[in-house]
file my_file16.cif (mmCIF, C-alpha atoms and all ligand atoms)
data_my_file
loop_
_atom_site.label_atom_id
_atom_site.label_comp_id
_atom_site.auth_asym_id
_atom_site.auth_seq_id
_atom_site.Cartn_x
_atom_site.Cartn_y
_atom_site.Cartn_z
CA MET L 3 7.71 -31.51 -93.66
CA LYS L 4 9.97 -29.70 -91.19
CA ASN L 5 11.75 -31.33 -88.25
CA ILE L 6 11.65 -29.51 -84.92
CA LEU L 7 13.65 -30.41 -81.81
CA VAL L 8 11.79 -29.62 -78.60
CA THR L 9 13.73 -29.78 -75.33
CA GLY L 10 11.47 -30.11 -72.29
CA GLY L 11 8.71 -31.18 -74.66
CA ALA L 12 7.03 -33.41 -72.07
CA GLY L 13 6.51 -30.51 -69.65
CA TYR L 14 3.53 -28.21 -69.20
CA ILE L 15 4.12 -25.68 -71.99
CA GLY L 16 6.21 -28.13 -74.05
CA SER L 17 3.51 -30.80 -74.30
CA HIS L 18 0.89 -28.29 -75.51
CA THR L 19 3.40 -26.93 -78.02
CA CYS L 20 4.22 -30.43 -79.33
CA LEU L 21 0.51 -30.90 -79.95
CA SER L 22 0.28 -27.60 -81.87
CA LEU L 23 3.37 -28.55 -83.91
CA LEU L 24 2.00 -31.99 -84.80
CA ASN L 25 -1.31 -30.43 -85.83
CA LYS L 26 0.60 -28.16 -88.18
CA ASN L 27 2.30 -31.17 -89.73
CA TYR L 28 5.74 -30.76 -88.17
CA LYS L 29 7.85 -33.76 -87.20
CA VAL L 30 8.70 -33.41 -83.51
CA PHE L 31 11.80 -34.73 -81.69
CA VAL L 32 11.54 -34.32 -77.92
CA ILE L 33 14.45 -34.34 -75.49
CA ASP L 34 13.37 -34.58 -71.85
CA SER L 35 14.81 -35.95 -68.62
CA PHE L 36 11.26 -36.21 -67.12
CA ILE L 37 12.55 -34.58 -63.95
CA ASN L 38 9.37 -32.52 -63.80
CA SER L 39 7.11 -34.38 -66.19
CA SER L 40 6.00 -37.76 -67.41
CA GLN L 41 6.22 -39.87 -70.55
CA LYS L 42 2.42 -40.03 -70.22
CA SER L 43 2.05 -36.51 -71.59
CA MET L 44 3.52 -37.80 -74.86
CA GLU L 45 1.05 -40.69 -74.95
CA ARG L 46 -1.82 -38.32 -74.23
CA ILE L 47 -0.86 -36.09 -77.16
CA LEU L 48 -1.19 -39.09 -79.45
CA GLU L 49 -4.51 -39.97 -77.81
CA ILE L 50 -5.87 -36.45 -78.49
CA ASN L 51 -4.90 -36.85 -82.13
CA LYS L 52 -5.93 -40.48 -82.58
CA ASN L 53 -8.70 -39.65 -85.08
CA SER L 54 -6.56 -37.33 -87.13
CA ALA L 55 -5.86 -38.11 -90.79
CA ILE L 56 -2.13 -37.60 -90.13
CA ASN L 57 -0.20 -40.46 -88.51
CA HIS L 58 1.11 -38.58 -85.49
CA ASN L 59 2.80 -41.69 -84.01
CA LYS L 60 5.31 -41.55 -86.81
CA ASN L 61 5.87 -37.83 -86.29
CA LEU L 62 6.74 -37.84 -82.60
CA SER L 63 10.02 -39.25 -81.22
CA VAL L 64 11.27 -38.97 -77.66
CA PHE L 65 14.85 -39.10 -76.36
CA GLU L 66 15.11 -39.46 -72.59
CA GLY L 67 18.12 -37.69 -71.09
CA ASP L 68 19.60 -34.57 -69.57
CA ILE L 69 20.67 -31.54 -71.59
CA THR L 70 23.54 -30.89 -69.16
CA ASP L 71 25.00 -34.23 -70.29
CA MET L 72 26.95 -33.46 -73.46
CA LYS L 73 27.61 -37.17 -74.14
CA PHE L 74 23.88 -37.82 -74.23
CA LEU L 75 23.27 -34.85 -76.53
CA LYS L 76 26.00 -36.00 -78.92
CA LYS L 77 24.42 -39.45 -79.04
CA VAL L 78 21.02 -38.01 -79.90
CA PHE L 79 22.43 -35.88 -82.71
CA LEU L 80 24.49 -38.77 -84.07
CA GLU L 81 21.36 -40.88 -84.19
CA LEU L 82 19.48 -38.13 -86.04
CA GLU L 83 22.38 -37.80 -88.46
CA ASN L 84 22.47 -41.56 -89.06
CA GLN L 85 18.79 -41.47 -89.91
CA GLN L 86 19.51 -38.49 -92.22
CA ILE L 87 17.17 -36.25 -90.26
CA LYS L 88 17.97 -32.57 -90.59
CA ILE L 89 16.67 -30.44 -87.72
CA ASP L 90 15.15 -27.20 -89.02
CA GLY L 91 14.46 -25.47 -85.72
CA VAL L 92 14.83 -25.83 -81.94
CA ILE L 93 12.39 -24.85 -79.22
CA HIS L 94 14.20 -24.87 -75.92
CA PHE L 95 11.86 -25.30 -72.92
CA ALA L 96 14.00 -27.61 -70.75
CA GLY L 97 14.96 -25.99 -67.51
CA LEU L 98 14.07 -25.52 -63.87
CA LYS L 99 11.43 -22.93 -63.08
CA ALA L 100 10.59 -22.66 -59.36
CA VAL L 101 11.60 -19.21 -58.12
CA SER L 102 11.78 -20.13 -54.42
CA GLU L 103 13.77 -23.32 -55.10
CA SER L 104 16.26 -21.25 -57.13
CA VAL L 105 16.90 -19.08 -54.08
CA TYR L 106 17.84 -22.15 -51.99
CA ASN L 107 19.62 -24.00 -54.78
CA PRO L 108 21.17 -21.47 -57.17
CA LEU L 109 23.92 -23.85 -58.39
CA ILE L 110 21.43 -26.39 -59.69
CA TYR L 111 19.49 -23.61 -61.45
CA TRP L 112 22.59 -22.08 -63.05
CA ASN L 113 23.82 -25.51 -64.09
CA THR L 114 20.58 -26.74 -65.64
CA ASN L 115 19.46 -23.51 -67.24
CA LEU L 116 22.76 -22.03 -68.37
CA ILE L 117 25.00 -25.06 -69.00
CA GLY L 118 22.09 -26.91 -70.59
CA THR L 119 21.57 -24.01 -73.01
CA LEU L 120 25.31 -23.69 -73.77
CA ASN L 121 25.52 -27.41 -74.56
CA LEU L 122 22.54 -27.20 -76.83
CA LEU L 123 23.86 -24.17 -78.72
CA GLU L 124 27.21 -25.87 -79.16
CA ILE L 125 25.65 -28.94 -80.67
CA VAL L 126 23.03 -27.28 -82.89
CA LYS L 127 25.77 -25.05 -84.28
CA LYS L 128 27.61 -28.21 -85.38
CA ILE L 129 24.60 -29.49 -87.27
CA ASN L 130 24.06 -26.06 -88.80
CA CYS L 131 20.60 -25.50 -87.36
CA LYS L 132 20.43 -21.80 -86.52
CA THR L 133 16.76 -21.27 -85.70
CA PHE L 134 16.38 -21.28 -81.93
CA VAL L 135 13.41 -20.31 -79.74
CA PHE L 136 14.12 -19.82 -76.05
CA SER L 137 11.65 -19.81 -73.10
CA SER L 138 12.37 -16.63 -71.25
CA SER L 139 10.16 -14.99 -68.67
CA ALA L 140 8.56 -11.71 -67.63
CA THR L 141 10.32 -12.28 -64.32
CA ILE L 142 13.43 -10.64 -65.82
CA TYR L 143 11.80 -7.17 -65.75
CA ALA L 144 12.31 -4.62 -63.01
CA ASP L 145 9.18 -3.32 -61.23
CA ALA L 146 6.79 -1.53 -63.58
CA LYS L 147 6.34 2.00 -62.28
CA ASP L 148 2.82 3.47 -61.98
CA ASN L 149 0.98 0.38 -63.28
CA SER L 150 2.23 0.73 -66.83
CA ARG L 151 2.55 -2.19 -69.26
CA LEU L 152 5.99 -3.67 -69.77
CA THR L 153 7.51 -3.29 -73.21
CA GLU L 154 10.47 -5.27 -74.54
CA SER L 155 12.68 -2.27 -73.81
CA SER L 156 11.54 -1.89 -70.18
CA LYS L 157 14.32 -2.14 -67.63
CA ILE L 158 15.68 -5.66 -67.01
CA ASN L 159 16.46 -6.34 -63.37
CA PRO L 160 15.69 -9.85 -62.13
CA VAL L 161 15.57 -10.29 -58.37
CA ASN L 162 16.12 -14.04 -57.96
CA PRO L 163 18.53 -16.70 -59.32
CA TYR L 164 15.89 -18.15 -61.65
CA GLY L 165 15.35 -14.73 -63.24
CA ASN L 166 19.11 -14.17 -63.38
CA THR L 167 19.57 -17.37 -65.40
CA LYS L 168 16.88 -16.27 -67.90
CA ALA L 169 18.30 -12.74 -68.29
CA SER L 170 21.82 -14.15 -68.69
CA ILE L 171 20.76 -16.61 -71.39
CA GLU L 172 19.11 -13.73 -73.27
CA ARG L 173 22.42 -11.86 -73.08
CA LEU L 174 24.28 -14.95 -74.25
CA LEU L 175 21.98 -15.22 -77.29
CA ARG L 176 22.50 -11.52 -78.04
CA ASP L 177 26.30 -11.92 -77.90
CA VAL L 178 26.24 -14.99 -80.14
CA SER L 179 23.95 -13.32 -82.68
CA GLN L 180 26.09 -10.15 -82.76
CA SER L 181 29.47 -11.79 -83.00
CA SER L 182 29.04 -14.74 -85.28
CA LYS L 183 29.11 -14.89 -89.03
CA GLU L 184 26.82 -17.85 -88.83
CA LYS L 185 23.56 -15.97 -89.10
CA TRP L 186 21.53 -17.25 -86.20
CA LYS L 187 17.84 -16.64 -85.80
CA PHE L 188 17.00 -16.32 -82.11
CA ALA L 189 13.72 -15.59 -80.38
CA SER L 190 13.47 -15.17 -76.60
CA LEU L 191 9.85 -15.39 -75.59
CA ARG L 192 9.13 -13.58 -72.34
CA TYR L 193 6.09 -15.45 -71.06
CA PHE L 194 3.81 -13.67 -68.62
CA ASN L 195 1.51 -16.01 -66.62
CA PRO L 196 0.52 -19.16 -68.53
CA ILE L 197 -2.44 -21.07 -67.06
CA GLY L 198 -5.19 -23.44 -68.24
CA ALA L 199 -4.90 -26.68 -70.18
CA HIS L 200 -5.92 -28.34 -73.43
CA PRO L 201 -9.76 -28.34 -73.56
CA SER L 202 -9.83 -32.16 -73.78
CA GLY L 203 -8.60 -32.35 -70.18
CA LEU L 204 -5.99 -34.90 -71.30
CA ILE L 205 -2.87 -32.77 -70.88
CA GLY L 206 -2.11 -30.02 -68.38
CA GLU L 207 0.31 -28.90 -65.70
CA ASN L 208 1.56 -31.92 -63.74
CA PRO L 209 1.02 -31.09 -60.06
CA ILE L 210 4.37 -32.33 -58.71
CA GLY L 211 5.21 -31.05 -55.20
CA ILE L 212 3.62 -28.14 -53.37
CA PRO L 213 2.75 -25.36 -55.81
CA ASN L 214 3.73 -21.71 -55.28
CA ASN L 215 1.82 -20.21 -58.16
CA LEU L 216 -1.66 -18.80 -57.90
CA PHE L 217 -3.59 -20.93 -60.41
CA PRO L 218 -2.58 -24.39 -59.11
CA LEU L 219 -3.28 -23.10 -55.60
CA ILE L 220 -6.78 -21.96 -56.62
CA ILE L 221 -7.33 -25.46 -58.03
CA ASN L 222 -6.00 -27.12 -54.86
CA THR L 223 -8.32 -24.97 -52.75
CA ALA L 224 -11.33 -25.76 -54.95
CA TYR L 225 -10.36 -29.42 -54.60
CA GLY L 226 -10.21 -29.17 -50.81
CA ILE L 227 -6.50 -30.01 -50.60
CA GLN L 228 -6.06 -26.74 -48.72
CA LYS L 229 -8.78 -25.07 -46.67
CA GLU L 230 -8.41 -21.61 -48.09
CA LEU L 231 -6.40 -19.58 -50.54
CA LYS L 232 -4.23 -16.87 -49.01
CA ILE L 233 -4.36 -13.78 -51.17
CA PHE L 234 -1.08 -11.93 -50.75
CA GLY L 235 -1.93 -8.25 -50.31
CA ASN L 236 -5.12 -6.24 -50.74
CA ASN L 237 -3.56 -2.79 -50.61
CA TYR L 238 -1.89 -2.54 -54.02
CA PRO L 239 -2.82 0.52 -56.07
CA THR L 240 -5.10 -1.57 -58.32
CA LYS L 241 -8.87 -1.56 -58.81
CA ASP L 242 -9.60 -4.00 -55.95
CA GLY L 243 -6.29 -3.78 -54.07
CA THR L 244 -5.08 -7.23 -55.15
CA ALA L 245 -2.13 -7.73 -57.51
CA VAL L 246 -2.71 -7.75 -61.26
CA ARG L 247 -1.21 -10.24 -63.71
CA ASP L 248 -1.40 -11.02 -67.41
CA PHE L 249 -2.72 -14.58 -67.65
CA ILE L 250 -2.43 -16.35 -70.99
CA HIS L 251 -4.03 -19.65 -72.01
CA VAL L 252 -1.36 -22.32 -72.47
CA MET L 253 -2.92 -23.26 -75.86
CA ASP L 254 -2.46 -19.68 -77.09
CA LEU L 255 1.11 -19.86 -75.87
CA ALA L 256 1.61 -23.17 -77.69
CA ASP L 257 0.19 -21.79 -80.96
CA ILE L 258 2.44 -18.72 -80.61
CA HIS L 259 5.52 -20.98 -80.62
CA VAL L 260 4.48 -22.40 -83.98
CA LYS L 261 3.88 -18.88 -85.33
CA VAL L 262 7.28 -17.73 -84.08
CA LEU L 263 8.97 -20.68 -85.78
CA GLU L 264 7.18 -19.93 -89.04
CA PHE L 265 8.13 -16.27 -88.76
CA MET L 266 11.78 -17.13 -88.11
CA ILE L 267 12.12 -19.80 -90.77
CA ASN L 268 11.10 -17.14 -93.29
CA SER L 269 13.07 -14.26 -91.77
CA SER L 270 16.64 -13.07 -92.18
CA PRO L 271 19.00 -13.48 -89.17
CA ILE L 272 17.47 -11.91 -86.10
CA ASN L 273 17.63 -11.73 -82.33
CA LEU L 274 14.05 -11.15 -81.30
CA ASN L 275 12.77 -10.52 -77.76
CA LEU L 276 9.01 -10.80 -77.48
CA ASN L 277 6.54 -10.27 -74.66
CA ILE L 278 4.04 -13.12 -74.66
CA GLY L 279 0.87 -12.10 -72.87
CA THR L 280 -2.65 -11.01 -73.76
CA GLY L 281 -2.03 -7.41 -72.70
CA LEU L 282 -5.02 -7.63 -70.34
CA GLY L 283 -4.56 -7.27 -66.60
CA THR L 284 -6.62 -9.51 -64.31
CA SER L 285 -6.51 -9.09 -60.55
CA VAL L 286 -5.99 -12.04 -58.23
CA LEU L 287 -9.49 -11.51 -56.86
CA ASP L 288 -10.99 -11.37 -60.37
CA LEU L 289 -9.30 -14.64 -61.26
CA VAL L 290 -10.69 -16.33 -58.13
CA LYS L 291 -14.21 -14.98 -58.77
CA THR L 292 -14.13 -16.01 -62.44
CA PHE L 293 -12.93 -19.50 -61.50
CA GLU L 294 -15.82 -19.82 -59.00
CA ARG L 295 -18.42 -18.60 -61.48
CA VAL L 296 -17.29 -20.61 -64.50
CA ASN L 297 -16.86 -23.86 -62.61
CA ASN L 298 -19.68 -23.36 -60.13
CA ILE L 299 -17.43 -24.13 -57.19
CA LYS L 300 -16.30 -22.23 -54.09
CA VAL L 301 -12.71 -21.12 -53.51
CA PRO L 302 -12.57 -19.94 -49.89
CA PHE L 303 -9.94 -17.22 -49.42
CA SER L 304 -8.59 -14.72 -46.94
CA PHE L 305 -6.28 -11.74 -47.30
CA THR L 306 -2.80 -11.75 -45.85
CA ASP L 307 0.38 -9.66 -46.16
CA ARG L 308 2.04 -9.02 -49.48
CA ARG L 309 4.53 -11.70 -50.58
CA ILE L 310 8.11 -10.44 -50.40
CA GLY L 311 9.50 -9.56 -53.82
CA ASP L 312 6.08 -9.42 -55.52
CA ASN L 313 5.12 -6.69 -57.96
CA GLY L 314 1.60 -5.26 -57.84
CA TYR L 315 1.20 -4.97 -61.59
CA VAL L 316 2.79 -7.19 -64.27
CA VAL L 317 1.09 -6.83 -67.66
CA ALA L 318 2.56 -7.14 -71.14
CA ASP L 319 2.61 -4.55 -73.83
CA ASN L 320 2.17 -7.24 -76.49
CA SER L 321 1.94 -4.98 -79.55
CA LEU L 322 5.21 -6.28 -81.01
CA CYS L 323 4.12 -9.91 -80.72
CA LYS L 324 0.68 -9.17 -82.18
CA SER L 325 2.04 -7.27 -85.15
CA LYS L 326 4.96 -9.60 -85.95
CA LEU L 327 2.89 -12.77 -85.65
CA LYS L 328 -0.41 -11.33 -86.88
CA ILE L 329 -2.35 -12.39 -83.78
CA LYS L 330 -5.89 -11.07 -83.58
CA SER L 331 -7.37 -12.56 -80.42
CA PHE L 332 -6.67 -14.65 -77.35
CA ARG L 333 -8.66 -17.18 -75.37
CA SER L 334 -10.50 -15.67 -72.37
CA ILE L 335 -9.93 -15.91 -68.62
CA GLU L 336 -13.14 -18.00 -68.56
CA ASP L 337 -11.57 -20.50 -71.00
CA MET L 338 -8.42 -20.67 -68.86
CA CYS L 339 -10.44 -21.34 -65.68
CA ARG L 340 -12.72 -23.92 -67.28
CA ASP L 341 -9.97 -25.86 -69.08
CA GLY L 342 -7.55 -25.80 -66.11
CA TRP L 343 -10.23 -27.18 -63.77
CA LYS L 344 -11.32 -29.86 -66.29
CA TRP L 345 -7.75 -31.18 -66.54
CA ARG L 346 -7.44 -31.44 -62.76
CA LYS L 347 -10.90 -32.98 -62.23
CA LEU L 348 -10.12 -35.68 -64.79
CA ASN L 349 -6.56 -36.16 -63.45
CA PRO L 350 -6.53 -35.45 -59.70
CA ASN L 351 -2.93 -36.71 -59.45
CA GLY L 352 -1.76 -35.41 -62.78
CA TYR L 353 -0.12 -38.15 -64.84
CA LEU L 354 0.14 -40.52 -61.85
CA GLU L 355 -2.45 -43.28 -61.97
P1 LIG A 1 7.92 -27.81 -66.88
O1 LIG A 1 8.73 -28.06 -65.67
O2 LIG A 1 6.54 -28.37 -66.92
O3 LIG A 1 8.69 -28.27 -68.19
C1 LIG A 1 10.09 -28.27 -68.28
C2 LIG A 1 10.50 -29.59 -68.87
O4 LIG A 1 11.93 -29.64 -68.96
C3 LIG A 1 10.07 -30.78 -68.01
O5 LIG A 1 9.48 -31.76 -68.83
C4 LIG A 1 11.36 -31.28 -67.40
O6 LIG A 1 11.35 -32.66 -67.14
C5 LIG A 1 12.37 -30.90 -68.46
N1 LIG A 1 13.73 -30.72 -67.95
C6 LIG A 1 14.12 -30.01 -66.87
N2 LIG A 1 15.46 -30.06 -66.73
C7 LIG A 1 15.93 -30.82 -67.75
C8 LIG A 1 17.21 -31.23 -68.16
N3 LIG A 1 18.32 -30.89 -67.48
N4 LIG A 1 17.33 -31.99 -69.27
C9 LIG A 1 16.23 -32.37 -69.99
N5 LIG A 1 14.99 -32.01 -69.63
C10 LIG A 1 14.83 -31.24 -68.54
O7 LIG A 1 7.88 -26.21 -67.07
P2 LIG A 1 7.01 -25.32 -68.04
O8 LIG A 1 6.04 -24.56 -67.20
O9 LIG A 1 6.53 -26.11 -69.17
O10 LIG A 1 8.12 -24.29 -68.50
C11 LIG A 1 8.85 -24.47 -69.71
C12 LIG A 1 9.87 -23.35 -69.83
O11 LIG A 1 9.20 -22.08 -69.77
C13 LIG A 1 10.91 -23.32 -68.70
O12 LIG A 1 12.14 -22.97 -69.25
C14 LIG A 1 10.40 -22.21 -67.78
O13 LIG A 1 11.45 -21.60 -67.09
C15 LIG A 1 9.78 -21.25 -68.78
N6 LIG A 1 8.72 -20.41 -68.19
C16 LIG A 1 7.64 -20.98 -67.59
C17 LIG A 1 6.66 -20.16 -67.01
C18 LIG A 1 5.47 -20.77 -66.33
O14 LIG A 1 4.76 -20.05 -65.61
N7 LIG A 1 5.15 -22.05 -66.51
C19 LIG A 1 6.78 -18.75 -67.05
C20 LIG A 1 7.88 -18.21 -67.69
C21 LIG A 1 8.86 -19.05 -68.26
N1 LIG A 2 -0.65 -15.16 -55.09
C1 LIG A 2 -1.52 -15.14 -54.01
N2 LIG A 2 -1.62 -16.26 -53.26
C2 LIG A 2 -0.92 -17.41 -53.54
C3 LIG A 2 -0.04 -17.41 -54.64
C4 LIG A 2 0.08 -16.27 -55.39
O1 LIG A 2 -2.16 -14.14 -53.72
O2 LIG A 2 -1.08 -18.39 -52.78
C5 LIG A 2 -0.52 -13.94 -55.88
C6 LIG A 2 0.91 -13.44 -55.90
O3 LIG A 2 1.16 -12.66 -54.77
C7 LIG A 2 0.94 -12.66 -57.21
C8 LIG A 2 -0.07 -13.40 -58.09
O4 LIG A 2 -0.85 -14.20 -57.21
O5 LIG A 2 0.48 -11.36 -56.96
C9 LIG A 2 0.57 -14.29 -59.12
O6 LIG A 2 1.54 -15.11 -58.44
P1 LIG A 2 2.23 -16.36 -59.14
O7 LIG A 2 3.17 -16.93 -58.14
O8 LIG A 2 1.22 -17.26 -59.72
O9 LIG A 2 2.99 -15.70 -60.37
P2 LIG A 2 4.08 -14.55 -60.45
O10 LIG A 2 3.50 -13.52 -61.36
O11 LIG A 2 4.53 -14.11 -59.13
O12 LIG A 2 5.29 -15.29 -61.15
C10 LIG A 2 5.05 -16.20 -62.21
C11 LIG A 2 6.07 -17.33 -62.17
C12 LIG A 2 7.41 -16.86 -62.59
C13 LIG A 2 7.30 -16.19 -63.92
C14 LIG A 2 6.33 -15.04 -63.83
C15 LIG A 2 6.18 -14.39 -65.17
O13 LIG A 2 6.15 -17.88 -60.89
O14 LIG A 2 8.29 -17.94 -62.73
O15 LIG A 2 5.06 -15.52 -63.41
O16 LIG A 2 5.61 -13.13 -64.99
F1 LIG A 2 8.48 -15.74 -64.32
#

call {"tool": "encode", "arguments": {"input": "my_file16.cif", "output": "structure tokens"}}
result
Amino acid sequence: MKNILVTGGAGYIGSHTCLSLLNKNYKVFVIDSFINSSQKSMERILEINKNSAINHNKNLSVFEGDITDMKFLKKVFLELENQQIKIDGVIHFAGLKAVSESVYNPLIYWNTNLIGTLNLLEIVKKINCKTFVFSSSATIYADAKDNSRLTESSKINPVNPYGNTKASIERLLRDVSQSSKEKWKFASLRYFNPIGAHPSGLIGENPIGIPNNLFPLIINTAYGIQKELKIFGNNYPTKDGTAVRDFIHVMDLADIHVKVLEFMINSSPINLNLNIGTGLGTSVLDLVKTFERVNNIKVPFSFTDRRIGDNGYVVADNSLCKSKLKIKSFRSIEDMCRDGWKWRKLNPNGYLE
């Protein structure tokens, strides 16, 4: 059985990934400060698996603390060492992710995302664990010209502090992998737009604060929390004039992390950058209409001006990911809409009672 350290494992993508790891018989060690999540997501994972033949309780441990705090990290690793637990791989989700907040508070973003990653690299190097998966983002790409799909070699040009931290960490990983004799295996996964939730409705994206992203805002509108959804722009050069994105079901994303780990554990040293999307473009209007149809609920909307800084077309060329990881199919937009709505209907306040 392999031991995997998951930073930010209680968060939206992290919790789904922990579930996928446990189901594949990995032992999971989560580090999370719970700044944007809840211990409840960990309990819910165990609840989902309660009828499994494997004893998942034994396979999931949680350390509460902040990755920018080196003392805390050292304590965690000392404890693992004392228990003779050898970490075989790290999946590093912990970080701050709100684009607009990063514009107002760049220092906090640089500190959490960059210093947190530096600390972690420093410490995993000491314990000789060299397999490291990093949560990057499609936000690092420059505008795609003429509605073409983005490939891993498309131009990198982030336009906000959040994107700058992600692009810089990718560069850091490249430098470390090129310079060291220590034979690291790095994968930076450039997620496109993850939405949806586990089909049980027990885990999902915790709705803390006022959302900025489309899918939680569709849900809030369907719920009546806001009267209507504002669709930013209906004059993009797309089929219906609204912007196009590459939405991916969070469970597909979670399973991809396990596949990446398996690929890396068996590979020679590597620094891999991978686009993680379905390769299918869905317009904002299509997503709203599908959500209405699948869930039999109205999402009132109106059109307004384009949002500053937005691209009209952000879709992955995912051929590298599909061929490396042997992925044949993805869950549908219908699945994403149904599962995302189920989570919210069952948990109107997320993990709060
Ligand atoms: P999330 O906020 O739900 O999860 C992040 C987790 O990290 C949370 O549990 C939070 O409490 C924890 N955390 C934050 N700062 C920490 C710190 N200093 N120390 C310890 N724990 C800390 O976010 P998510 O949507 O699950 O995103 C996970 C990763 O994927 C992030 O790095 C994010 O930037 C990246 N990403 C997300 C998206 C998206 O649309 N959700 C898109 C691209 C990239
Ligand atoms: N949109 C609306 N109305 C809203 C909110 C969003 O029309 O109320 C539109 C946006 O203008 C955009 C599309 O819906 O055209 C998607 O917007 P999101 O904010 O949901 O997602 P983005 O693609 O802009 O960015 C997201 C994350 C980034 C991440 C990126 C990866 O916010 O952190 O996906 O591609 F990096």

call {"tool": "closest_residue", "arguments": {"input": "my_file16.cif", "among": "L:Ser17, L:Asn277, L:Ser325, L:Asn57", "to": "Ser40 (chain L)", "atoms": "all atoms listed in the file"}}
result
L:Ser17

call {"tool": "closest_residue", "arguments": {"input": "my_file16.cif", "among": "L:Val178, L:Val262, L:Ile233, L:Ile221", "to": "Val92 (chain L)", "atoms": "all atoms listed in the file"}}
result
L:Val262

call {"tool": "residues_around", "arguments": {"input": "my_file16.cif", "residues": "His259 (chain L)", "least_positions_apart": "6", "cutoff": "9 Å", "atoms": "only C-alpha atoms", "output": "list in words"}}
result
Thr19, Ser22, Leu23, Ile93, Val135 and Leu191 of chain L

call {"tool": "residues_around", "arguments": {"input": "my_file16.cif", "residues": "Asn268 (chain L)", "least_positions_apart": "6", "cutoff": "12 Å", "atoms": "only C-alpha atoms", "output": "list in words"}}
result
Asp90, Gly91, Thr133, Lys187, Lys261 and Val262 of chain L

call {"tool": "residues_near_ligand", "arguments": {"input": "my_file16.cif", "ligand": "ligand LIG 2 (chain A)", "cutoff": "7 Å", "atoms": "only C-alpha atoms and all ligand atoms", "output": "PDB file with C-alpha atoms, keeping the file's coordinate frame"}}
result
ATOM      1  CA  LYS L  99      11.430 -22.930 -63.080  1.00  0.00           C
ATOM      2  CA  ALA L 100      10.590 -22.660 -59.360  1.00  0.00           C
ATOM      3  CA  VAL L 101      11.600 -19.210 -58.120  1.00  0.00           C
ATOM      4  CA  SER L 139      10.160 -14.990 -68.670  1.00  0.00           C
ATOM      5  CA  ALA L 140       8.560 -11.710 -67.630  1.00  0.00           C
ATOM      6  CA  THR L 141      10.320 -12.280 -64.320  1.00  0.00           C
ATOM      7  CA  TYR L 193       6.090 -15.450 -71.060  1.00  0.00           C
ATOM      8  CA  PHE L 194       3.810 -13.670 -68.620  1.00  0.00           C
ATOM      9  CA  ASN L 195       1.510 -16.010 -66.620  1.00  0.00           C
ATOM     10  CA  ASN L 214       3.730 -21.710 -55.280  1.00  0.00           C
ATOM     11  CA  ASN L 215       1.820 -20.210 -58.160  1.00  0.00           C
ATOM     12  CA  LEU L 216      -1.660 -18.800 -57.900  1.00  0.00           C
ATOM     13  CA  PHE L 217      -3.590 -20.930 -60.410  1.00  0.00           C
ATOM     14  CA  LEU L 219      -3.280 -23.100 -55.600  1.00  0.00           C
ATOM     15  CA  LEU L 231      -6.400 -19.580 -50.540  1.00  0.00           C
ATOM     16  CA  LYS L 232      -4.230 -16.870 -49.010  1.00  0.00           C
ATOM     17  CA  ILE L 233      -4.360 -13.780 -51.170  1.00  0.00           C
ATOM     18  CA  PHE L 234      -1.080 -11.930 -50.750  1.00  0.00           C
ATOM     19  CA  GLY L 235      -1.930  -8.250 -50.310  1.00  0.00           C
ATOM     20  CA  ALA L 245      -2.130  -7.730 -57.510  1.00  0.00           C
ATOM     21  CA  VAL L 246      -2.710  -7.750 -61.260  1.00  0.00           C
ATOM     22  CA  ARG L 247      -1.210 -10.240 -63.710  1.00  0.00           C
ATOM     23  CA  VAL L 286      -5.990 -12.040 -58.230  1.00  0.00           C
ATOM     24  CA  ARG L 308       2.040  -9.020 -49.480  1.00  0.00           C
ATOM     25  CA  ARG L 309       4.530 -11.700 -50.580  1.00  0.00           C
ATOM     26  CA  ASP L 312       6.080  -9.420 -55.520  1.00  0.00           C
ATOM     27  CA  ASN L 313       5.120  -6.690 -57.960  1.00  0.00           C
ATOM     28  CA  GLY L 314       1.600  -5.260 -57.840  1.00  0.00           C
ATOM     29  CA  VAL L 316       2.790  -7.190 -64.270  1.00  0.00           C
TER      30      VAL L 316
END

call {"tool": "residues_near_point", "arguments": {"input": "my_file16.cif", "point": "(26.2, -36.0, -74.4)", "cutoff": "12 Å", "atoms": "only C-alpha atoms", "output": "list in words"}}
result
Ile33, Phe65, Glu66, Gly67, Asp68, Ile69, Thr70, Asp71, Met72, Lys73, Phe74, Leu75, Lys76, Lys77, Val78, Phe79, Leu80, Glu81, Gly118, Asn121, Leu122, Glu124 and Ile125 of chain L

call {"tool": "residues_near_ligand", "arguments": {"input": "my_file16.cif", "ligand": "ligand LIG 1 (chain A)", "cutoff": "6 Å", "atoms": "all atoms listed in the file", "output": "ChimeraX atom specification"}}
result
/L:10-16,34-39,67-70,95-99,114,137-139,193,195-196

call {"tool": "closest_residue", "arguments": {"input": "my_file16.cif", "among": "L:Thr153, L:Ala144, L:Thr167, L:Ser202", "to": "Ile110 (chain L)", "atoms": "only C-alpha atoms"}}
result
L:Thr167

call {"tool": "closest_residue", "arguments": {"input": "my_file16.cif", "among": "L:Lys60, L:Arg346, L:Lys127, L:Lys42", "to": "Pro218 (chain L)", "atoms": "only C-alpha atoms"}}
result
L:Arg346

call {"tool": "atom_distance", "arguments": {"input": "my_file16.cif", "atom1": "CA of Ala55 (chain L)", "atom2": "CA of Ser43 (chain L)"}}
result
20.8 Å

call {"tool": "atom_distance", "arguments": {"input": "my_file16.cif", "atom1": "CA of Leu152 (chain L)", "atom2": "CA of Asn166 (chain L)"}}
result
18.0 Å

call {"tool": "closest_residue", "arguments": {"input": "my_file16.cif", "among": "L:Lys88, L:Arg151, L:Lys29, L:Arg46", "to": "Ser63 (chain L)", "atoms": "only C-alpha atoms"}}
result
L:Lys29
